[in-house]
$ cat model_7.cif   # mmCIF, C-alpha atoms
data_structure
loop_
_atom_site.label_atom_id
_atom_site.label_comp_id
_atom_site.auth_asym_id
_atom_site.auth_seq_id
_atom_site.Cartn_x
_atom_site.Cartn_y
_atom_site.Cartn_z
CA MET A 333 3.24 -6.59 10.42
CA HIS A 334 6.84 -5.57 9.72
CA ALA A 335 8.19 -4.26 13.02
CA ASP A 336 11.08 -5.12 15.35
CA LEU A 337 9.02 -7.21 17.74
CA SER A 338 10.34 -9.85 20.11
CA ARG A 339 7.26 -12.04 19.58
CA ALA A 340 3.49 -11.89 19.11
CA THR A 341 1.74 -13.47 22.11
CA PHE A 342 -1.93 -12.58 21.53
CA ARG A 343 -4.11 -15.69 21.13
CA PRO A 344 -7.87 -15.01 21.13
CA GLU A 345 -8.66 -18.61 21.99
CA ARG A 346 -7.06 -18.13 25.43
CA HIS A 347 -9.70 -15.53 26.34
CA TYR A 348 -7.35 -13.26 28.30
CA SER A 349 -9.03 -9.96 29.22
CA ALA A 350 -6.02 -7.90 30.34
CA VAL A 351 -2.26 -7.86 30.85
CA LEU A 352 -1.22 -6.98 34.43
CA ALA A 353 2.28 -5.57 35.01
CA GLN A 354 4.14 -6.78 38.10
CA GLN A 355 6.51 -4.69 40.17
CA GLY A 356 10.21 -5.27 39.74
CA ARG A 357 9.77 -7.31 36.56
CA VAL A 358 11.25 -6.76 33.14
CA GLN A 359 8.86 -4.88 30.84
CA LEU A 360 8.56 -6.46 27.40
CA ASP A 361 7.22 -5.11 24.13
CA ALA A 362 5.21 -8.34 23.73
CA ASP A 363 3.22 -7.63 26.91
CA LEU A 364 2.32 -4.09 25.87
CA ASN A 365 1.42 -5.21 22.36
CA GLU A 366 -0.76 -8.02 23.69
CA GLN A 367 -2.73 -5.54 25.83
CA THR A 368 -3.34 -3.43 22.73
CA ALA A 369 -4.38 -6.50 20.75
CA ILE A 370 -6.79 -7.62 23.51
CA GLN A 371 -8.53 -4.24 23.59
CA LEU A 372 -8.67 -4.01 19.81
CA HIS A 373 -10.08 -7.53 19.57
CA GLN A 374 -12.75 -6.74 22.14
CA ALA A 375 -13.77 -3.48 20.44
CA ARG A 376 -13.96 -5.02 16.98
CA THR A 377 -15.78 -8.11 18.18
CA LEU A 378 -18.35 -5.89 19.90
CA ALA A 379 -18.78 -3.80 16.74
CA ALA A 380 -19.18 -6.90 14.57
CA ASP A 381 -21.71 -8.42 16.99
CA LEU A 382 -23.84 -5.27 16.98
CA ILE A 383 -23.43 -4.21 13.35
CA GLY A 384 -22.89 -7.53 11.63
CA ARG A 385 -20.18 -8.38 9.13
CA HIS A 386 -20.58 -5.02 7.45
CA GLY A 387 -22.61 -1.85 7.86
CA GLY A 388 -22.52 1.84 8.64
CA PRO A 389 -24.27 4.42 10.82
CA ALA A 390 -27.56 5.90 9.67
CA GLY A 391 -27.00 9.37 8.29
CA ALA A 392 -23.23 8.95 8.03
CA CYS A 393 -22.89 5.65 6.17
CA GLY A 394 -19.88 5.80 3.90
CA PHE A 395 -18.81 4.17 0.68
CA ARG A 396 -21.88 4.91 -1.38
CA ILE A 397 -20.65 4.00 -4.87
CA GLU A 398 -21.59 5.94 -8.00
CA TYR A 399 -20.53 4.71 -11.43
CA VAL A 400 -19.45 7.50 -13.79
CA GLY A 401 -18.97 6.50 -17.42
CA GLY A 402 -16.38 8.54 -19.24
CA LYS A 403 -17.52 9.97 -22.55
CA HIS A 404 -14.25 11.78 -23.18
CA ASP A 405 -12.37 10.42 -20.19
CA ILE A 406 -11.77 7.07 -18.55
CA ASP A 407 -14.55 5.44 -16.49
CA THR A 408 -14.43 5.95 -12.75
CA LEU A 409 -16.34 5.45 -9.50
CA TYR A 410 -17.29 8.09 -6.97
CA ILE A 411 -16.68 6.89 -3.39
CA HIS A 412 -18.81 9.06 -1.13
CA GLY A 413 -17.69 9.91 2.38
CA GLY A 414 -18.76 8.52 5.72
CA ARG A 415 -17.96 5.60 7.99
CA TYR A 416 -18.33 1.88 7.40
CA TYR A 417 -17.44 -1.23 9.38
CA VAL A 418 -16.10 -4.48 7.94
CA ASP A 419 -15.84 -7.32 10.49
CA GLY A 420 -15.77 -4.63 13.18
CA ILE A 421 -12.92 -2.68 11.54
CA LEU A 422 -13.68 1.02 11.11
CA CYS A 423 -13.12 2.36 7.58
CA ASP A 424 -13.32 6.13 7.13
CA ALA A 425 -14.00 7.50 3.65
CA ASP A 426 -14.33 11.17 4.60
CA ARG A 427 -12.33 13.55 2.45
CA PRO A 428 -11.47 17.23 3.04
CA ALA A 429 -13.14 19.72 0.74
CA PRO A 430 -11.12 20.40 -2.45
CA GLY A 431 -8.65 23.25 -2.05
CA VAL A 432 -8.45 23.03 1.74
CA PRO A 433 -4.78 22.76 2.88
CA VAL A 434 -3.68 20.08 5.29
CA PRO A 435 -3.14 21.64 8.77
CA ASP A 436 0.33 21.93 10.25
CA GLU A 437 1.56 19.21 12.60
CA ASP A 438 1.38 21.48 15.68
CA THR A 439 -2.25 22.49 15.22
CA GLU A 440 -5.29 20.52 16.28
CA GLU A 441 -7.48 22.07 13.60
CA GLN A 442 -9.03 19.55 11.27
CA PRO A 443 -9.80 20.41 7.64
CA PRO A 444 -13.56 20.67 7.07
CA ALA A 445 -15.20 17.93 5.09
CA GLY A 446 -16.97 19.11 1.97
CA THR A 447 -20.64 18.44 1.51
CA ASP A 448 -19.93 16.91 -1.86
CA ALA A 449 -16.35 15.82 -1.21
CA HIS A 450 -15.68 12.30 -2.39
CA TRP A 451 -12.86 10.08 -3.53
CA ASP A 452 -12.89 8.55 -6.95
CA TYR A 453 -11.63 5.19 -8.07
CA TRP A 454 -8.35 6.61 -9.36
CA ASN A 455 -7.36 8.74 -6.37
CA GLN A 456 -8.60 6.71 -3.41
CA PRO A 457 -5.93 7.14 -0.72
CA ASP A 458 -4.65 3.55 -0.60
CA GLY A 459 -5.76 2.29 -4.00
CA PHE A 460 -2.88 3.43 -6.22
CA ARG A 461 -4.69 2.46 -9.41
CA ASP A 462 -2.92 3.40 -12.66
CA PRO A 463 -5.01 4.32 -15.75
CA GLU A 464 -2.09 3.27 -17.96
CA ARG A 465 -2.36 -0.33 -16.73
CA PRO A 466 -5.21 -2.17 -18.48
CA GLY A 467 -5.68 -4.47 -15.49
CA ASP A 468 -6.51 -1.50 -13.27
CA ARG A 469 -9.25 -0.10 -15.49
CA LEU A 470 -12.90 -0.71 -14.72
CA PRO A 471 -14.61 -3.33 -16.89
CA SER A 472 -17.18 -2.12 -19.38
CA PRO A 473 -20.61 -2.79 -17.78
CA ALA A 474 -22.15 -3.53 -21.19
CA ARG A 475 -19.52 -6.13 -22.09
CA SER A 476 -18.56 -7.45 -18.66
CA PRO A 477 -20.95 -6.71 -15.78
CA PHE A 478 -19.13 -6.27 -12.49
CA LEU A 479 -19.73 -5.58 -8.83
CA VAL A 480 -17.66 -3.42 -6.51
CA TYR A 481 -16.30 -4.65 -3.19
CA LEU A 482 -14.40 -3.15 -0.27
CA GLN A 483 -11.06 -4.75 0.60
CA VAL A 484 -9.73 -4.00 4.09
CA TRP A 485 -6.59 -4.92 5.99
CA GLU A 486 -3.95 -3.42 8.30
CA ARG A 487 -0.31 -2.66 7.66
CA ALA A 488 2.52 -1.25 9.75
CA VAL A 489 3.83 2.28 9.20
CA SER A 490 7.35 3.06 10.42
CA ALA A 491 9.27 6.29 10.84
CA ALA A 492 10.95 5.58 7.50
CA GLU A 493 7.55 6.12 5.83
CA ASP A 494 6.26 8.84 8.17
CA PRO A 495 9.14 10.99 9.56
CA ALA A 496 6.68 12.73 11.91
CA LEU A 497 6.84 9.59 14.09
CA ARG A 498 10.46 10.29 15.04
CA GLU A 499 11.12 11.99 18.38
CA VAL A 500 13.51 14.86 17.66
CA ALA A 501 14.44 15.10 21.36
CA LEU A 502 16.38 11.83 21.02
CA GLY A 503 19.17 13.62 19.17
CA ALA A 504 20.67 14.05 15.74
CA ALA A 505 20.72 10.31 15.07
CA LEU A 506 16.90 10.36 15.23
CA PRO A 507 16.39 6.70 16.20
CA ASP A 508 12.93 5.33 15.62
CA THR A 509 10.67 4.26 18.46
CA ALA A 510 7.25 2.64 18.08
CA VAL A 511 5.53 1.94 14.77
CA ARG A 512 1.87 2.50 13.94
CA THR A 513 -0.76 0.32 12.32
CA LYS A 514 -3.02 1.74 9.64
CA VAL A 515 -6.31 0.47 8.27
CA VAL A 516 -6.01 0.22 4.49
CA TRP A 517 -9.17 0.16 2.38
CA GLN A 518 -9.57 -0.23 -1.36
CA VAL A 519 -12.66 -0.14 -3.55
CA LEU A 520 -12.07 -2.68 -6.33
CA PRO A 521 -14.11 -4.14 -9.21
CA LEU A 522 -14.91 -7.83 -9.57
CA PRO A 523 -16.39 -9.13 -12.86
CA LEU A 524 -19.38 -11.41 -12.45
CA ALA A 525 -17.52 -13.95 -14.58
CA ALA A 526 -15.14 -14.49 -11.65
CA LEU A 527 -18.05 -15.63 -9.45
CA ASP A 528 -19.02 -18.66 -11.60
CA ILE A 529 -22.58 -17.45 -12.09
CA GLU A 530 -24.23 -19.41 -14.89
CA ASP A 531 -27.42 -17.34 -15.09
CA ALA A 532 -27.19 -14.58 -17.70
CA GLN A 533 -29.56 -12.40 -15.67
CA PRO A 534 -28.74 -13.26 -12.04
CA SER A 535 -30.83 -11.89 -9.20
CA PRO A 536 -29.25 -9.68 -6.53
CA GLY A 537 -29.59 -12.54 -4.04
CA ALA A 538 -27.72 -14.92 -6.35
CA VAL A 539 -24.94 -12.38 -6.85
CA ARG A 540 -24.64 -11.81 -3.10
CA GLU A 541 -24.49 -15.55 -2.41
CA ALA A 542 -21.84 -16.08 -5.09
CA PHE A 543 -19.78 -13.17 -3.76
CA GLU A 544 -19.94 -14.51 -0.19
CA LYS A 545 -18.62 -17.83 -1.44
CA TRP A 546 -15.82 -16.08 -3.35
CA ALA A 547 -14.91 -13.96 -0.31
CA ARG A 548 -14.66 -17.04 1.93
CA THR A 549 -12.34 -18.65 -0.60
CA GLN A 550 -10.12 -15.57 -0.68
CA ALA A 551 -9.92 -15.39 3.11
CA ALA A 552 -9.23 -19.08 3.70
CA PRO A 553 -5.58 -20.00 4.43
CA SER A 554 -4.04 -21.59 1.35
CA ALA A 555 -0.63 -22.68 2.66
CA ARG A 556 1.11 -24.12 5.69
CA LEU A 557 4.71 -23.92 6.84
CA ALA A 558 6.51 -27.13 7.78
CA ALA A 559 9.67 -26.64 9.85
CA ARG A 560 11.95 -28.99 11.74
CA GLY A 561 14.69 -28.56 14.32
CA GLU A 562 17.89 -30.58 14.00
CA ARG A 563 19.22 -32.17 17.16
CA PRO A 564 23.00 -31.73 17.48
CA GLU A 565 25.25 -34.75 17.77
CA HIS A 566 26.24 -35.73 21.33
CA ALA A 567 23.49 -33.47 22.71
CA ASP A 568 23.03 -35.85 25.62
CA ASP A 569 26.69 -35.44 26.60
CA ASP A 570 26.63 -31.62 26.57
CA PRO A 571 23.09 -30.25 26.12
CA CYS A 572 24.35 -26.64 26.23
CA LEU A 573 26.59 -27.02 23.20
CA VAL A 574 25.30 -25.29 20.08
CA ARG A 575 26.67 -26.36 16.73
CA PRO A 576 28.42 -23.61 14.69
CA ASP A 577 26.19 -24.29 11.66
CA ALA A 578 23.14 -23.43 13.77
CA ARG A 579 24.27 -19.80 13.28
CA TYR A 580 23.15 -18.71 16.74
CA ARG A 581 25.36 -15.72 17.44
CA GLY A 582 23.64 -13.68 20.12
CA PRO A 583 21.18 -13.55 23.01
CA GLU A 584 18.65 -11.40 21.16
CA ASN A 585 15.04 -12.47 21.25
CA GLN A 586 14.18 -12.43 17.55
CA LEU A 587 10.93 -12.89 15.68
CA TYR A 588 11.56 -14.78 12.45
CA ARG A 589 9.44 -13.90 9.45
CA VAL A 590 8.96 -16.12 6.42
CA GLU A 591 7.16 -14.50 3.50
CA ILE A 592 6.13 -15.80 0.09
CA HIS A 593 7.68 -13.45 -2.47
CA ALA A 594 6.33 -14.95 -5.68
CA GLY A 595 3.72 -17.67 -5.53
CA GLY A 596 3.26 -20.66 -7.79
CA GLU A 597 4.21 -24.31 -7.91
CA ALA A 598 6.94 -25.58 -5.61
CA ALA A 599 9.56 -25.45 -8.36
CA ASP A 600 8.78 -21.82 -9.24
CA ALA A 601 7.63 -20.14 -6.04
CA THR A 602 10.15 -18.12 -4.02
CA PHE A 603 10.23 -16.97 -0.43
CA LYS A 604 12.27 -14.62 1.74
CA TRP A 605 12.96 -14.69 5.46
CA SER A 606 14.26 -12.35 8.12
CA ARG A 607 15.53 -12.68 11.69
CA GLU A 608 14.13 -9.23 12.51
CA ASN A 609 10.58 -9.71 11.16
CA GLY A 610 11.48 -7.69 8.06
CA SER A 611 12.00 -4.51 10.12
CA ALA A 612 15.48 -3.55 8.84
CA VAL A 613 14.68 -0.66 6.48
CA PHE A 614 16.77 2.06 4.88
CA PRO A 615 14.95 5.28 3.88
CA VAL A 616 15.72 6.35 0.31
CA ASP A 617 16.59 10.03 -0.24
CA GLU A 618 17.34 9.92 -3.96
CA LEU A 619 17.34 7.55 -6.94
CA ASP A 620 19.74 7.96 -9.87
CA GLY A 621 19.62 4.99 -12.20
CA THR A 622 21.07 2.05 -10.29
CA TRP A 623 22.58 4.35 -7.63
CA VAL A 624 20.58 4.99 -4.48
CA ARG A 625 21.29 7.66 -1.86
CA LEU A 626 20.14 6.45 1.56
CA ALA A 627 19.36 8.46 4.66
CA THR A 628 21.24 5.91 6.78
CA LEU A 629 23.25 2.72 6.34
CA GLY A 630 21.68 1.08 9.38
CA LEU A 631 21.73 1.26 13.14
CA ASP A 632 24.81 -0.93 13.58
CA SER A 633 27.00 -3.44 11.80
CA LYS A 634 24.55 -6.25 12.50
CA LEU A 635 21.63 -4.48 10.80
CA GLY A 636 23.65 -2.54 8.24
CA LEU A 637 24.07 -3.07 4.51
CA GLU A 638 26.90 -5.08 3.03
CA VAL A 639 27.95 -5.85 -0.52
CA GLY A 640 26.13 -8.97 -1.69
CA ASP A 641 23.01 -8.34 0.38
CA HIS A 642 19.65 -8.62 -1.34
CA VAL A 643 17.28 -5.71 -0.90
CA GLU A 644 13.69 -4.95 -1.84
CA LEU A 645 12.89 -1.45 -3.06
CA THR A 646 9.41 -0.59 -1.84
CA ASP A 647 7.06 2.33 -1.28
CA THR A 648 3.51 2.92 -0.09
CA ALA A 649 2.00 2.10 -3.48
CA TYR A 650 3.91 -1.18 -3.69
CA ALA A 651 2.81 -2.17 -0.18
CA SER A 652 -0.81 -1.26 -0.90
CA ARG A 653 -0.97 -3.14 -4.21
CA LEU A 654 0.53 -6.28 -2.62
CA GLU A 655 2.77 -6.85 -5.62
CA ALA A 656 6.15 -8.55 -5.67
CA LEU A 657 9.02 -6.74 -7.38
CA PRO A 658 12.38 -8.36 -8.16
CA LEU A 659 14.88 -8.46 -5.32
CA LEU A 660 18.00 -6.40 -6.01
CA ARG A 661 21.61 -7.11 -5.08
CA VAL A 662 23.96 -4.61 -3.45
CA GLU A 663 27.02 -4.39 -5.71
CA GLU A 664 28.87 -1.43 -4.16
CA LEU A 665 28.65 0.87 -1.13
#
$ encode --input "model_7.cif" --output "structure tokens"
Amino acid sequence: MHADLSRATFRPERHYSAVLAQQGRVQLDADLNEQTAIQLHQARTLAADLIGRHGGPAGACGFRIEYVGGKHDIDTLYIHGGRYYVDGILCDADRPAPGVPVPDEDTEEQPPAGTDAHWDYWNQPDGFRDPERPGDRLPSPARSPFLVYLQVWERAVSAAEDPALREVALGAALPDTAVRTKVVWQVLPLPLAALDIEDAQPSPGAVREAFEKWARTQAAPSARLAARGERPEHADDDPCLVRPDARYRGPENQLYRVEIHAGGEAADATFKWSRENGSAVFPVDELDGTWVRLATLGLDSKLGLEVGDHVELTDTAYASRLEALPLLRVEEL
């Protein structure tokens, strides 16, 4: 969750039911965010308890999958509309009827859903599959039988990605305010070969059991962070003294983020880290070779760009595909 947060305080194991504000106290973003997290946790837990790990409403169950082999075109899947729940998270696959324009921001009118409106594998809203990339194409059912699964997670959306989030009343500088979270869903293929099924003609029950095992493996944490604080010399003599190499330069309450950039063995894997939880972003207005025109150079000198900084050029497709691109270096401003 890339956002300028002071800290994340929600812990489900503490079983808190609400956050109560007190008069005359400082209001913190962490308190408000924890209240949102508590309510969201309660709603999703209730949905998962009633529905199960996955399911949809009768008569409006979404994500009915239809395989369409391409005789003169590339193979695809039809993803039919409706609602579906995964671990209590609502996934909406409804799509406006073809040819219906998106309503203006100031209107409450919603575009009508078509009776036969559906997404397909190549244009699903958060899939960003590319027919030119062999790894994105659907396997041939005759050569490599496969199943289709629904991948769901949440990501943050800032005003840099959705300018409609900015409050124009705040002035020409248009500072950002709160960010939003968005449920991202993707319909993806999984060859049966990846499930370690030895039977050439497996039963549906065997496939389901093998998939459940694969899904648990994918969801299980695969890494841990080990960190250590260094105690300054003569700390007992002056406990308030902070060493210069500790690089503590301000009173800001900062949420540090450590992120694996490219995985692998210890000698090859790389990581990146941020004092602002990766929230320092610069909207791109134009690309021209190695030159980039930005909408802003940052809010202040602390969060601005400088020559020698490393940056990561990203967009919605990059974030949705969860791919790592090379970090770039700022050579000139």
$ closest_residue --input "model_7.cif" --among "A:Glu345, A:Gly420, A:His334, A:Gly356" --to "Leu382 of chain A" --atoms "all atoms listed in the file"
A:Gly420
$ resolve_selection --input "model_7.cif" --expression "the PyMOL selection byres ((chain A and resi 398) around 12)" --output "PyMOL selection string"
chain A and resi 395-397+399-401+407-413+450-453+479-480+519
$ resolve_selection --input "model_7.cif" --expression "the PyMOL selection byres ((chain A and resi 335) around 9)" --output "number ranges by chain"
A: 333-334, 336-337, 488-490, 510-511, 608-612
$ atom_distance --input "model_7.cif" --atom1 "atom CA of Arg560 of chain A" --atom2 "atom CA of His593 of chain A"
21.5 Å
$ atom_distance --input "model_7.cif" --atom1 "atom CA of Pro523 of chain A" --atom2 "atom CA of Pro477 of chain A"
5.9 Å
$ resolve_selection --input "model_7.cif" --expression "the PyMOL selection byres ((chain A and resi 505) around 12)" --output "VMD selection string"
chain A and resid 498 to 504 506 to 508 627 to 631
$ write_last_selection --input "model_7.cif" --atoms "C-alpha atoms" --output "CSV table (one decimal), keeping the file's coordinate frame"
chain,number,residue,atom,x,y,z
A,498,ARG,CA,10.5,10.3,15.0
A,499,GLU,CA,11.1,12.0,18.4
A,500,VAL,CA,13.5,14.9,17.7
A,501,ALA,CA,14.4,15.1,21.4
A,502,LEU,CA,16.4,11.8,21.0
A,503,GLY,CA,19.2,13.6,19.2
A,504,ALA,CA,20.7,14.0,15.7
A,506,LEU,CA,16.9,10.4,15.2
A,507,PRO,CA,16.4,6.7,16.2
A,508,ASP,CA,12.9,5.3,15.6
A,627,ALA,CA,19.4,8.5,4.7
A,628,THR,CA,21.2,5.9,6.8
A,629,LEU,CA,23.2,2.7,6.3
A,630,GLY,CA,21.7,1.1,9.4
A,631,LEU,CA,21.7,1.3,13.1
